[in-house]
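File shown here: structure-v9.txt, holding compact mmCIF, N, CA, C and O atoms and all ligand atoms.
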```
# COMPACT_ATOMS: atom_id res chain seq x y z
N MET A 1 17.75 -13.92 -5.31
CA MET A 1 16.71 -12.93 -4.97
C MET A 1 15.63 -13.57 -4.11
O MET A 1 15.16 -14.66 -4.44
N ASP A 2 15.26 -12.89 -3.04
CA ASP A 2 14.18 -13.46 -2.23
C ASP A 2 12.82 -13.08 -2.83
O ASP A 2 12.74 -12.31 -3.78
N GLN A 3 11.79 -13.66 -2.22
CA GLN A 3 10.42 -13.47 -2.73
C GLN A 3 10.04 -12.00 -2.83
O GLN A 3 9.42 -11.57 -3.79
N ASN A 4 10.48 -11.23 -1.82
CA ASN A 4 10.14 -9.81 -1.82
C ASN A 4 10.84 -9.04 -2.94
O ASN A 4 10.24 -8.21 -3.60
N ASP A 5 12.13 -9.37 -3.19
CA ASP A 5 12.87 -8.73 -4.28
C ASP A 5 12.21 -9.04 -5.62
O ASP A 5 12.13 -8.18 -6.50
N ILE A 6 11.76 -10.28 -5.79
CA ILE A 6 11.11 -10.69 -7.04
C ILE A 6 9.82 -9.89 -7.23
O ILE A 6 9.54 -9.41 -8.33
N ARG A 7 9.07 -9.73 -6.15
CA ARG A 7 7.83 -8.95 -6.23
C ARG A 7 8.11 -7.50 -6.59
O ARG A 7 7.41 -6.91 -7.41
N VAL A 8 9.13 -6.92 -5.95
CA VAL A 8 9.48 -5.52 -6.23
C VAL A 8 9.86 -5.38 -7.70
O VAL A 8 9.44 -4.44 -8.38
N GLN A 9 10.62 -6.35 -8.20
CA GLN A 9 11.03 -6.31 -9.61
C GLN A 9 9.82 -6.38 -10.55
O GLN A 9 9.72 -5.64 -11.52
N LYS A 10 8.89 -7.27 -10.23
CA LYS A 10 7.67 -7.39 -11.05
C LYS A 10 6.86 -6.11 -11.02
O LYS A 10 6.33 -5.66 -12.04
N CYS A 11 6.75 -5.51 -9.83
CA CYS A 11 6.02 -4.24 -9.69
C CYS A 11 6.70 -3.16 -10.53
O CYS A 11 6.02 -2.35 -11.17
N GLY A 12 8.03 -3.17 -10.54
CA GLY A 12 8.79 -2.21 -11.35
C GLY A 12 8.51 -2.37 -12.83
O GLY A 12 8.32 -1.38 -13.55
N GLU A 13 8.43 -3.60 -13.29
CA GLU A 13 8.13 -3.86 -14.71
C GLU A 13 6.75 -3.35 -15.07
O GLU A 13 6.54 -2.76 -16.14
N ILE A 14 5.79 -3.59 -14.18
CA ILE A 14 4.40 -3.17 -14.44
C ILE A 14 4.32 -1.64 -14.46
O ILE A 14 3.71 -1.05 -15.37
N LEU A 15 4.96 -1.00 -13.48
CA LEU A 15 4.96 0.46 -13.39
C LEU A 15 5.60 1.08 -14.63
O LEU A 15 5.07 2.05 -15.20
N GLU A 16 6.70 0.48 -15.05
CA GLU A 16 7.41 0.99 -16.23
C GLU A 16 6.54 0.87 -17.48
O GLU A 16 6.50 1.77 -18.32
N HIS A 17 5.81 -0.23 -17.58
CA HIS A 17 4.96 -0.45 -18.76
C HIS A 17 3.79 0.54 -18.82
O HIS A 17 3.55 1.14 -19.86
N TYR A 18 3.07 0.70 -17.72
CA TYR A 18 1.85 1.52 -17.75
C TYR A 18 2.11 2.99 -17.42
O TYR A 18 1.32 3.85 -17.81
N GLY A 19 3.15 3.27 -16.66
CA GLY A 19 3.45 4.65 -16.28
C GLY A 19 2.78 5.05 -14.97
O GLY A 19 1.76 4.47 -14.58
N PHE A 20 3.37 6.05 -14.31
CA PHE A 20 2.92 6.46 -12.98
C PHE A 20 1.47 6.94 -12.96
O PHE A 20 0.68 6.52 -12.11
N GLU A 21 1.13 7.81 -13.90
CA GLU A 21 -0.24 8.39 -13.87
C GLU A 21 -1.32 7.34 -14.01
O GLU A 21 -2.32 7.37 -13.28
N ALA A 22 -1.13 6.41 -14.94
CA ALA A 22 -2.11 5.33 -15.14
C ALA A 22 -2.21 4.48 -13.87
O ALA A 22 -3.32 4.09 -13.46
N GLN A 23 -1.07 4.22 -13.25
CA GLN A 23 -1.08 3.36 -12.06
C GLN A 23 -1.64 4.08 -10.84
O GLN A 23 -2.22 3.47 -9.95
N GLN A 24 -1.50 5.41 -10.83
CA GLN A 24 -2.12 6.18 -9.74
C GLN A 24 -3.65 6.11 -9.87
O GLN A 24 -4.36 5.95 -8.87
N GLU A 25 -4.13 6.19 -11.11
CA GLU A 25 -5.58 6.03 -11.34
C GLU A 25 -6.04 4.63 -10.96
O GLU A 25 -7.11 4.43 -10.39
N LYS A 26 -5.20 3.64 -11.31
CA LYS A 26 -5.50 2.24 -10.97
C LYS A 26 -5.54 2.06 -9.45
O LYS A 26 -6.38 1.32 -8.94
N LEU A 27 -4.67 2.75 -8.74
CA LEU A 27 -4.66 2.70 -7.28
C LEU A 27 -6.01 3.15 -6.72
O LEU A 27 -6.57 2.51 -5.83
N VAL A 28 -6.52 4.25 -7.28
CA VAL A 28 -7.82 4.77 -6.84
C VAL A 28 -8.91 3.71 -7.07
O VAL A 28 -9.71 3.41 -6.17
N GLU A 29 -8.91 3.12 -8.28
CA GLU A 29 -9.90 2.07 -8.60
C GLU A 29 -9.80 0.90 -7.62
O GLU A 29 -10.82 0.41 -7.12
N GLU A 30 -8.57 0.46 -7.39
CA GLU A 30 -8.39 -0.71 -6.52
C GLU A 30 -8.76 -0.39 -5.07
O GLU A 30 -9.30 -1.25 -4.37
N CYS A 31 -8.51 0.84 -4.64
CA CYS A 31 -8.93 1.25 -3.29
C CYS A 31 -10.45 1.22 -3.18
O CYS A 31 -10.99 0.78 -2.16
N GLU A 32 -11.11 1.68 -4.23
CA GLU A 32 -12.58 1.65 -4.23
C GLU A 32 -13.09 0.21 -4.13
O GLU A 32 -14.03 -0.08 -3.38
N GLU A 33 -12.43 -0.68 -4.89
CA GLU A 33 -12.83 -2.10 -4.84
C GLU A 33 -12.57 -2.70 -3.46
O GLU A 33 -13.37 -3.50 -2.97
N LEU A 34 -11.46 -2.30 -2.84
CA LEU A 34 -11.15 -2.81 -1.50
C LEU A 34 -12.17 -2.32 -0.47
O LEU A 34 -12.62 -3.09 0.39
N ILE A 35 -12.55 -1.05 -0.58
CA ILE A 35 -13.55 -0.51 0.35
C ILE A 35 -14.84 -1.32 0.25
O ILE A 35 -15.41 -1.76 1.27
N GLU A 36 -15.26 -1.57 -1.01
CA GLU A 36 -16.48 -2.35 -1.22
C GLU A 36 -16.34 -3.76 -0.63
O GLU A 36 -17.24 -4.25 0.07
N ALA A 37 -15.20 -4.40 -0.91
CA ALA A 37 -14.98 -5.77 -0.43
C ALA A 37 -14.90 -5.81 1.10
O ALA A 37 -15.40 -6.74 1.73
N ALA A 38 -14.28 -4.77 1.69
CA ALA A 38 -14.13 -4.73 3.15
C ALA A 38 -15.48 -4.57 3.84
O ALA A 38 -15.65 -4.96 5.00
N GLN A 39 -16.42 -3.98 3.11
CA GLN A 39 -17.75 -3.78 3.68
C GLN A 39 -18.67 -4.98 3.43
O GLN A 39 -19.75 -5.06 3.99
N GLY A 40 -18.22 -5.90 2.56
CA GLY A 40 -19.05 -7.05 2.20
C GLY A 40 -18.75 -8.27 3.04
O GLY A 40 -17.99 -8.21 4.01
N GLU A 41 -19.33 -9.38 2.64
CA GLU A 41 -19.22 -10.62 3.41
C GLU A 41 -18.31 -11.64 2.71
O GLU A 41 -18.02 -12.69 3.27
N ASP A 42 -17.88 -11.31 1.47
CA ASP A 42 -17.12 -12.27 0.67
C ASP A 42 -15.63 -12.19 1.01
O ASP A 42 -14.93 -11.27 0.61
N TYR A 43 -15.18 -13.18 1.79
CA TYR A 43 -13.80 -13.19 2.26
C TYR A 43 -12.80 -13.27 1.11
O TYR A 43 -11.76 -12.60 1.12
N ASP A 44 -13.11 -14.11 0.10
CA ASP A 44 -12.21 -14.26 -1.06
C ASP A 44 -12.03 -12.94 -1.80
O ASP A 44 -10.94 -12.60 -2.23
N SER A 45 -13.11 -12.19 -1.95
CA SER A 45 -13.04 -10.88 -2.61
C SER A 45 -12.18 -9.92 -1.79
O SER A 45 -11.39 -9.16 -2.34
N PHE A 46 -12.35 -9.98 -0.48
CA PHE A 46 -11.56 -9.11 0.41
C PHE A 46 -10.07 -9.40 0.23
O PHE A 46 -9.27 -8.47 0.07
N ILE A 47 -9.71 -10.68 0.21
CA ILE A 47 -8.29 -11.07 0.03
C ILE A 47 -7.78 -10.59 -1.33
O ILE A 47 -6.67 -10.05 -1.44
N GLU A 48 -8.60 -10.77 -2.37
CA GLU A 48 -8.19 -10.37 -3.72
C GLU A 48 -7.94 -8.87 -3.78
O GLU A 48 -6.92 -8.41 -4.31
N GLU A 49 -8.85 -8.09 -3.23
CA GLU A 49 -8.72 -6.63 -3.31
C GLU A 49 -7.58 -6.12 -2.41
O GLU A 49 -6.92 -5.14 -2.74
N LEU A 50 -7.37 -6.83 -1.30
CA LEU A 50 -6.23 -6.49 -0.44
C LEU A 50 -4.92 -6.71 -1.22
O LEU A 50 -4.00 -5.87 -1.15
N ALA A 51 -4.86 -7.79 -1.97
CA ALA A 51 -3.68 -8.07 -2.81
C ALA A 51 -3.53 -6.98 -3.87
O ALA A 51 -2.41 -6.47 -4.09
N ASP A 52 -4.62 -6.62 -4.53
CA ASP A 52 -4.56 -5.58 -5.58
C ASP A 52 -4.02 -4.27 -5.03
O ASP A 52 -3.14 -3.65 -5.63
N VAL A 53 -4.54 -3.85 -3.89
CA VAL A 53 -4.11 -2.56 -3.31
C VAL A 53 -2.66 -2.64 -2.85
O VAL A 53 -1.89 -1.69 -3.04
N THR A 54 -2.27 -3.79 -2.28
CA THR A 54 -0.88 -3.97 -1.85
C THR A 54 0.07 -3.84 -3.04
O THR A 54 1.12 -3.19 -2.95
N ILE A 55 -0.32 -4.41 -4.17
CA ILE A 55 0.49 -4.34 -5.39
C ILE A 55 0.58 -2.89 -5.89
O ILE A 55 1.65 -2.42 -6.28
N MET A 56 -0.54 -2.17 -5.84
CA MET A 56 -0.54 -0.78 -6.29
C MET A 56 0.31 0.10 -5.37
O MET A 56 1.04 0.98 -5.83
N ILE A 57 0.23 -0.15 -4.07
CA ILE A 57 1.04 0.62 -3.11
C ILE A 57 2.53 0.34 -3.35
O ILE A 57 3.35 1.27 -3.33
N ALA A 58 2.85 -0.91 -3.64
CA ALA A 58 4.26 -1.26 -3.93
C ALA A 58 4.75 -0.50 -5.16
O ALA A 58 5.89 -0.02 -5.19
N GLN A 59 3.88 -0.35 -6.15
CA GLN A 59 4.27 0.41 -7.35
C GLN A 59 4.45 1.89 -7.05
O GLN A 59 5.37 2.53 -7.55
N MET A 60 3.55 2.43 -6.23
CA MET A 60 3.67 3.85 -5.85
C MET A 60 4.97 4.07 -5.08
O MET A 60 5.66 5.07 -5.27
N ASN A 61 5.31 3.11 -4.23
CA ASN A 61 6.58 3.17 -3.48
C ASN A 61 7.78 3.29 -4.41
O ASN A 61 8.70 4.05 -4.14
N LEU A 62 7.74 2.53 -5.49
CA LEU A 62 8.85 2.54 -6.45
C LEU A 62 8.97 3.87 -7.18
O LEU A 62 10.04 4.22 -7.65
N ALA A 63 7.86 4.60 -7.26
CA ALA A 63 7.85 5.87 -8.00
C ALA A 63 8.35 7.03 -7.14
O ALA A 63 8.60 8.12 -7.65
N LEU A 64 8.50 6.80 -5.84
CA LEU A 64 8.94 7.87 -4.95
C LEU A 64 10.42 8.20 -5.16
O LEU A 64 11.22 7.29 -5.42
N THR A 65 10.76 9.47 -5.03
CA THR A 65 12.18 9.86 -5.02
C THR A 65 12.77 9.39 -3.68
O THR A 65 12.02 9.01 -2.77
N ASP A 66 14.09 9.45 -3.57
CA ASP A 66 14.73 9.06 -2.31
C ASP A 66 14.20 9.90 -1.15
O ASP A 66 13.95 9.39 -0.06
N GLU A 67 14.04 11.19 -1.41
CA GLU A 67 13.55 12.11 -0.37
C GLU A 67 12.11 11.76 0.03
O GLU A 67 11.78 11.70 1.22
N GLN A 68 11.28 11.51 -0.96
CA GLN A 68 9.88 11.14 -0.69
C GLN A 68 9.83 9.80 0.05
O GLN A 68 8.98 9.60 0.92
N SER A 69 10.71 8.90 -0.33
CA SER A 69 10.76 7.59 0.29
C SER A 69 11.13 7.70 1.78
O SER A 69 10.52 7.04 2.62
N GLU A 70 12.10 8.58 2.06
CA GLU A 70 12.47 8.83 3.46
C GLU A 70 11.30 9.42 4.24
O GLU A 70 11.03 9.04 5.38
N GLN A 71 10.62 10.38 3.59
CA GLN A 71 9.45 11.02 4.19
C GLN A 71 8.37 9.98 4.49
O GLN A 71 7.75 9.98 5.55
N PHE A 72 8.17 9.08 3.54
CA PHE A 72 7.17 8.02 3.67
C PHE A 72 7.51 7.09 4.84
O PHE A 72 6.65 6.79 5.68
N GLU A 73 8.78 6.66 4.92
CA GLU A 73 9.21 5.78 6.01
C GLU A 73 9.06 6.48 7.36
O GLU A 73 8.60 5.86 8.33
N SER A 74 9.44 7.77 7.42
CA SER A 74 9.29 8.52 8.67
C SER A 74 7.84 8.63 9.08
O SER A 74 7.50 8.53 10.26
N MET A 75 6.97 8.83 8.09
CA MET A 75 5.53 8.96 8.37
C MET A 75 4.98 7.66 8.94
O MET A 75 4.20 7.67 9.90
N ILE A 76 5.39 6.54 8.37
CA ILE A 76 4.95 5.24 8.88
C ILE A 76 5.40 5.07 10.34
O ILE A 76 4.59 4.70 11.20
N ASN A 77 6.66 5.38 10.59
CA ASN A 77 7.18 5.26 11.97
C ASN A 77 6.44 6.17 12.93
O ASN A 77 6.09 5.77 14.05
N TYR A 78 6.18 7.40 12.48
CA TYR A 78 5.44 8.37 13.31
C TYR A 78 4.03 7.85 13.64
O TYR A 78 3.59 7.89 14.79
N LYS A 79 3.35 7.36 12.61
CA LYS A 79 1.96 6.89 12.80
C LYS A 79 1.91 5.67 13.73
O LYS A 79 1.01 5.56 14.57
N LEU A 80 2.87 4.75 13.55
CA LEU A 80 2.91 3.56 14.40
C LEU A 80 3.16 3.96 15.86
O LEU A 80 2.46 3.48 16.77
N ALA A 81 4.14 4.84 16.06
CA ALA A 81 4.48 5.28 17.42
C ALA A 81 3.29 6.00 18.05
O ALA A 81 2.96 5.79 19.22
N ARG A 82 2.63 6.86 17.27
CA ARG A 82 1.48 7.62 17.79
C ARG A 82 0.36 6.69 18.24
O ARG A 82 -0.22 6.87 19.31
N THR A 83 0.07 5.70 17.41
CA THR A 83 -1.00 4.77 17.77
C THR A 83 -0.64 3.96 19.01
O THR A 83 -1.47 3.77 19.91
N LEU A 84 0.62 3.50 19.08
CA LEU A 84 1.04 2.73 20.26
C LEU A 84 1.02 3.59 21.51
O LEU A 84 0.66 3.12 22.59
N ASP A 85 1.37 4.88 21.37
CA ASP A 85 1.27 5.81 22.51
C ASP A 85 -0.17 5.95 22.97
O ASP A 85 -0.46 5.98 24.16
N ARG A 86 -1.10 6.05 21.99
CA ARG A 86 -2.53 6.14 22.34
C ARG A 86 -3.00 4.91 23.09
O ARG A 86 -3.76 4.99 24.05
N ILE A 87 -2.54 3.74 22.61
CA ILE A 87 -2.93 2.48 23.26
C ILE A 87 -2.40 2.46 24.70
O ILE A 87 -3.14 2.13 25.63
N LYS A 88 -1.13 2.85 24.87
CA LYS A 88 -0.55 2.91 26.23
C LYS A 88 -1.34 3.84 27.11
O LYS A 88 -1.61 3.54 28.27
N ALA A 89 -1.72 5.01 26.57
CA ALA A 89 -2.49 5.99 27.33
C ALA A 89 -3.85 5.41 27.73
O ALA A 89 -4.32 5.64 28.85
N GLU A 90 -4.48 4.66 26.82
CA GLU A 90 -5.77 4.03 27.12
C GLU A 90 -5.64 3.02 28.25
O GLU A 90 -6.46 2.96 29.16
N VAL A 91 -4.58 2.21 28.16
CA VAL A 91 -4.33 1.17 29.15
C VAL A 91 -4.07 1.78 30.53
O VAL A 91 -4.48 1.23 31.55
N ASN A 92 -3.42 2.96 30.54
CA ASN A 92 -3.04 3.60 31.81
C ASN A 92 -4.13 4.50 32.40
O ASN A 92 -3.89 5.14 33.42
N THR A 93 -5.32 4.54 31.76
CA THR A 93 -6.38 5.40 32.33
C THR A 93 -7.46 4.57 32.98
O THR A 93 -7.58 3.39 32.78
MG MG A 101 -9.33 -5.28 -7.82
```
What does the file become when written as structure tokens?
Ligand SMILES: [Mg+2]
Amino acid sequence: MDQNDIRVQKCGEILEHYGFEAQQEKLVEECEELIEAAQGEDYDSFIEELADVTIMIAQMNLALTDEQSEQFESMINYKLARTLDRIKAEVNT
């Protein structure tokens, strides 16, 4: 198992233990902490909260159905393409 598989497995164990609803609430808390850290000057706090939110997002990913997961992947691709198109448009004006 590579490092990413091990992380996914650990996230699965945590999600299974606490349940989706509790972890969705935890996601909100961690996002709030990240917002605060991103607005502050403490780099270590920023890294810590970035890690917390990344872990919560990984757990939310695991809770998605196959259909939701496909929708999520498509949305990421759409958003990336849209932003790159905007950048190209900016460069060409
Ligand atoms: Mg935190």
Within 6 Å of ligand MG 101 (chain A) (only N, CA, C and O atoms and all ligand atoms), residues as a PyMOL selection string:
chain A and resi 29-30+33+48-49+52
At what distance in Å, to one decimal, does CA of Asn61 (chain A) lie from CA of Met75 (chain A)?
13.2 Å
Between CA of Lys10 (chain A) and CA of Ser45 (chain A), what is the distance in Å, rounded to a tenth?
22.6 Å
State, in Å with one decimal place, the distance from atom N of Glu73 (chain A) to atom C of Met60 (chain A).
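Spanning atom N of Glu73 (chain A) to atom C of Met60 (chain A) is a straight-line distance of 11.0 Å.
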Within-10 Å shell of (9.0, -6.0, -2.0) in input frame, only C-alpha atoms, as a list in words:
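I get Asp2, Gln3, Asn4, Asp5, Ile6, Arg7, Val8, Gln9, Lys10, Cys11, Ile55, Ala58, Gln59, Asn61 and Leu62 of chain A for the residues within 10 Å of that point.
Proximity to Glu36 (chain A) was assessed for A:Ile76, A:Gly19, A:Leu50, A:Thr65 counting only C-alpha atoms; the smallest distance is recorded for A:Leu50.
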Please produce region 32-43 of chain A, completed to all heavy atoms, as a PDB file, in the frame of the given file.
```pdb
ATOM      1  N   GLU A  32     -11.110   1.680  -4.230  1.00  0.00           N
ATOM      2  CA  GLU A  32     -12.580   1.650  -4.230  1.00  0.00           C
ATOM      3  C   GLU A  32     -13.090   0.210  -4.130  1.00  0.00           C
ATOM      4  O   GLU A  32     -14.030  -0.080  -3.380  1.00  0.00           O
ATOM      5  CB  GLU A  32     -13.125   2.333  -5.493  1.00  0.00           C
ATOM      6  CG  GLU A  32     -12.964   3.843  -5.450  1.00  0.00           C
ATOM      7  CD  GLU A  32     -13.207   4.530  -6.794  1.00  0.00           C
ATOM      8  OE1 GLU A  32     -13.341   3.830  -7.826  1.00  0.00           O
ATOM      9  OE2 GLU A  32     -13.240   5.773  -6.814  1.00  0.00           O
ATOM     10  N   GLU A  33     -12.430  -0.680  -4.890  1.00  0.00           N
ATOM     11  CA  GLU A  33     -12.830  -2.100  -4.840  1.00  0.00           C
ATOM     12  C   GLU A  33     -12.570  -2.700  -3.460  1.00  0.00           C
ATOM     13  O   GLU A  33     -13.370  -3.500  -2.970  1.00  0.00           O
ATOM     14  CB  GLU A  33     -12.090  -2.901  -5.924  1.00  0.00           C
ATOM     15  CG  GLU A  33     -12.563  -2.555  -7.323  1.00  0.00           C
ATOM     16  CD  GLU A  33     -11.749  -3.214  -8.438  1.00  0.00           C
ATOM     17  OE1 GLU A  33     -10.863  -4.043  -8.143  1.00  0.00           O
ATOM     18  OE2 GLU A  33     -12.002  -2.889  -9.605  1.00  0.00           O
ATOM     19  N   LEU A  34     -11.460  -2.300  -2.840  1.00  0.00           N
ATOM     20  CA  LEU A  34     -11.150  -2.810  -1.500  1.00  0.00           C
ATOM     21  C   LEU A  34     -12.170  -2.320  -0.470  1.00  0.00           C
ATOM     22  O   LEU A  34     -12.620  -3.090   0.390  1.00  0.00           O
ATOM     23  CB  LEU A  34      -9.732  -2.406  -1.076  1.00  0.00           C
ATOM     24  CG  LEU A  34      -9.309  -2.837   0.338  1.00  0.00           C
ATOM     25  CD1 LEU A  34      -9.383  -4.358   0.529  1.00  0.00           C
ATOM     26  CD2 LEU A  34      -7.907  -2.337   0.653  1.00  0.00           C
ATOM     27  N   ILE A  35     -12.550  -1.050  -0.580  1.00  0.00           N
ATOM     28  CA  ILE A  35     -13.550  -0.510   0.350  1.00  0.00           C
ATOM     29  C   ILE A  35     -14.840  -1.320   0.250  1.00  0.00           C
ATOM     30  O   ILE A  35     -15.410  -1.760   1.270  1.00  0.00           O
ATOM     31  CB  ILE A  35     -13.835   0.991   0.059  1.00  0.00           C
ATOM     32  CG1 ILE A  35     -12.622   1.838   0.453  1.00  0.00           C
ATOM     33  CG2 ILE A  35     -15.100   1.466   0.805  1.00  0.00           C
ATOM     34  CD1 ILE A  35     -12.646   3.255  -0.084  1.00  0.00           C
ATOM     35  N   GLU A  36     -15.260  -1.570  -1.010  1.00  0.00           N
ATOM     36  CA  GLU A  36     -16.480  -2.350  -1.220  1.00  0.00           C
ATOM     37  C   GLU A  36     -16.340  -3.760  -0.630  1.00  0.00           C
ATOM     38  O   GLU A  36     -17.240  -4.250   0.070  1.00  0.00           O
ATOM     39  CB  GLU A  36     -16.771  -2.423  -2.724  1.00  0.00           C
ATOM     40  CG  GLU A  36     -18.239  -2.577  -3.036  1.00  0.00           C
ATOM     41  CD  GLU A  36     -18.507  -2.399  -4.518  1.00  0.00           C
ATOM     42  OE1 GLU A  36     -18.147  -1.338  -5.074  1.00  0.00           O
ATOM     43  OE2 GLU A  36     -19.068  -3.347  -5.106  1.00  0.00           O
ATOM     44  N   ALA A  37     -15.200  -4.400  -0.910  1.00  0.00           N
ATOM     45  CA  ALA A  37     -14.980  -5.770  -0.430  1.00  0.00           C
ATOM     46  C   ALA A  37     -14.900  -5.810   1.100  1.00  0.00           C
ATOM     47  O   ALA A  37     -15.400  -6.740   1.730  1.00  0.00           O
ATOM     48  CB  ALA A  37     -13.712  -6.354  -1.043  1.00  0.00           C
ATOM     49  N   ALA A  38     -14.280  -4.770   1.690  1.00  0.00           N
ATOM     50  CA  ALA A  38     -14.130  -4.730   3.150  1.00  0.00           C
ATOM     51  C   ALA A  38     -15.480  -4.570   3.840  1.00  0.00           C
ATOM     52  O   ALA A  38     -15.650  -4.960   5.000  1.00  0.00           O
ATOM     53  CB  ALA A  38     -13.172  -3.609   3.551  1.00  0.00           C
ATOM     54  N   GLN A  39     -16.420  -3.980   3.110  1.00  0.00           N
ATOM     55  CA  GLN A  39     -17.750  -3.780   3.680  1.00  0.00           C
ATOM     56  C   GLN A  39     -18.670  -4.980   3.430  1.00  0.00           C
ATOM     57  O   GLN A  39     -19.750  -5.060   3.990  1.00  0.00           O
ATOM     58  CB  GLN A  39     -18.384  -2.505   3.100  1.00  0.00           C
ATOM     59  CG  GLN A  39     -17.695  -1.249   3.610  1.00  0.00           C
ATOM     60  CD  GLN A  39     -18.134  -0.004   2.870  1.00  0.00           C
ATOM     61  OE1 GLN A  39     -18.540  -0.066   1.705  1.00  0.00           O
ATOM     62  NE2 GLN A  39     -18.046   1.140   3.531  1.00  0.00           N
ATOM     63  N   GLY A  40     -18.220  -5.900   2.560  1.00  0.00           N
ATOM     64  CA  GLY A  40     -19.050  -7.050   2.200  1.00  0.00           C
ATOM     65  C   GLY A  40     -18.750  -8.270   3.040  1.00  0.00           C
ATOM     66  O   GLY A  40     -17.990  -8.210   4.010  1.00  0.00           O
ATOM     67  N   GLU A  41     -19.330  -9.380   2.640  1.00  0.00           N
ATOM     68  CA  GLU A  41     -19.220 -10.620   3.410  1.00  0.00           C
ATOM     69  C   GLU A  41     -18.310 -11.640   2.710  1.00  0.00           C
ATOM     70  O   GLU A  41     -18.020 -12.690   3.270  1.00  0.00           O
ATOM     71  CB  GLU A  41     -20.616 -11.264   3.547  1.00  0.00           C
ATOM     72  CG  GLU A  41     -21.686 -10.366   4.144  1.00  0.00           C
ATOM     73  CD  GLU A  41     -21.535 -10.184   5.641  1.00  0.00           C
ATOM     74  OE1 GLU A  41     -21.313 -11.192   6.332  1.00  0.00           O
ATOM     75  OE2 GLU A  41     -21.619  -9.030   6.117  1.00  0.00           O
ATOM     76  N   ASP A  42     -17.880 -11.310   1.470  1.00  0.00           N
ATOM     77  CA  ASP A  42     -17.120 -12.270   0.670  1.00  0.00           C
ATOM     78  C   ASP A  42     -15.630 -12.190   1.010  1.00  0.00           C
ATOM     79  O   ASP A  42     -14.930 -11.270   0.610  1.00  0.00           O
ATOM     80  CB  ASP A  42     -17.372 -11.975  -0.821  1.00  0.00           C
ATOM     81  CG  ASP A  42     -16.714 -12.992  -1.737  1.00  0.00           C
ATOM     82  OD1 ASP A  42     -15.844 -13.755  -1.263  1.00  0.00           O
ATOM     83  OD2 ASP A  42     -17.065 -13.021  -2.922  1.00  0.00           O
ATOM     84  N   TYR A  43     -15.180 -13.180   1.790  1.00  0.00           N
ATOM     85  CA  TYR A  43     -13.800 -13.190   2.260  1.00  0.00           C
ATOM     86  C   TYR A  43     -12.800 -13.270   1.110  1.00  0.00           C
ATOM     87  O   TYR A  43     -11.760 -12.600   1.120  1.00  0.00           O
ATOM     88  CB  TYR A  43     -13.617 -14.367   3.232  1.00  0.00           C
ATOM     89  CG  TYR A  43     -12.267 -14.407   3.884  1.00  0.00           C
ATOM     90  CD1 TYR A  43     -11.936 -13.514   4.901  1.00  0.00           C
ATOM     91  CD2 TYR A  43     -11.314 -15.332   3.477  1.00  0.00           C
ATOM     92  CE1 TYR A  43     -10.688 -13.536   5.501  1.00  0.00           C
ATOM     93  CE2 TYR A  43     -10.060 -15.368   4.079  1.00  0.00           C
ATOM     94  CZ  TYR A  43      -9.753 -14.467   5.079  1.00  0.00           C
ATOM     95  OH  TYR A  43      -8.523 -14.504   5.663  1.00  0.00           O
TER      96      TYR A  43
END
```
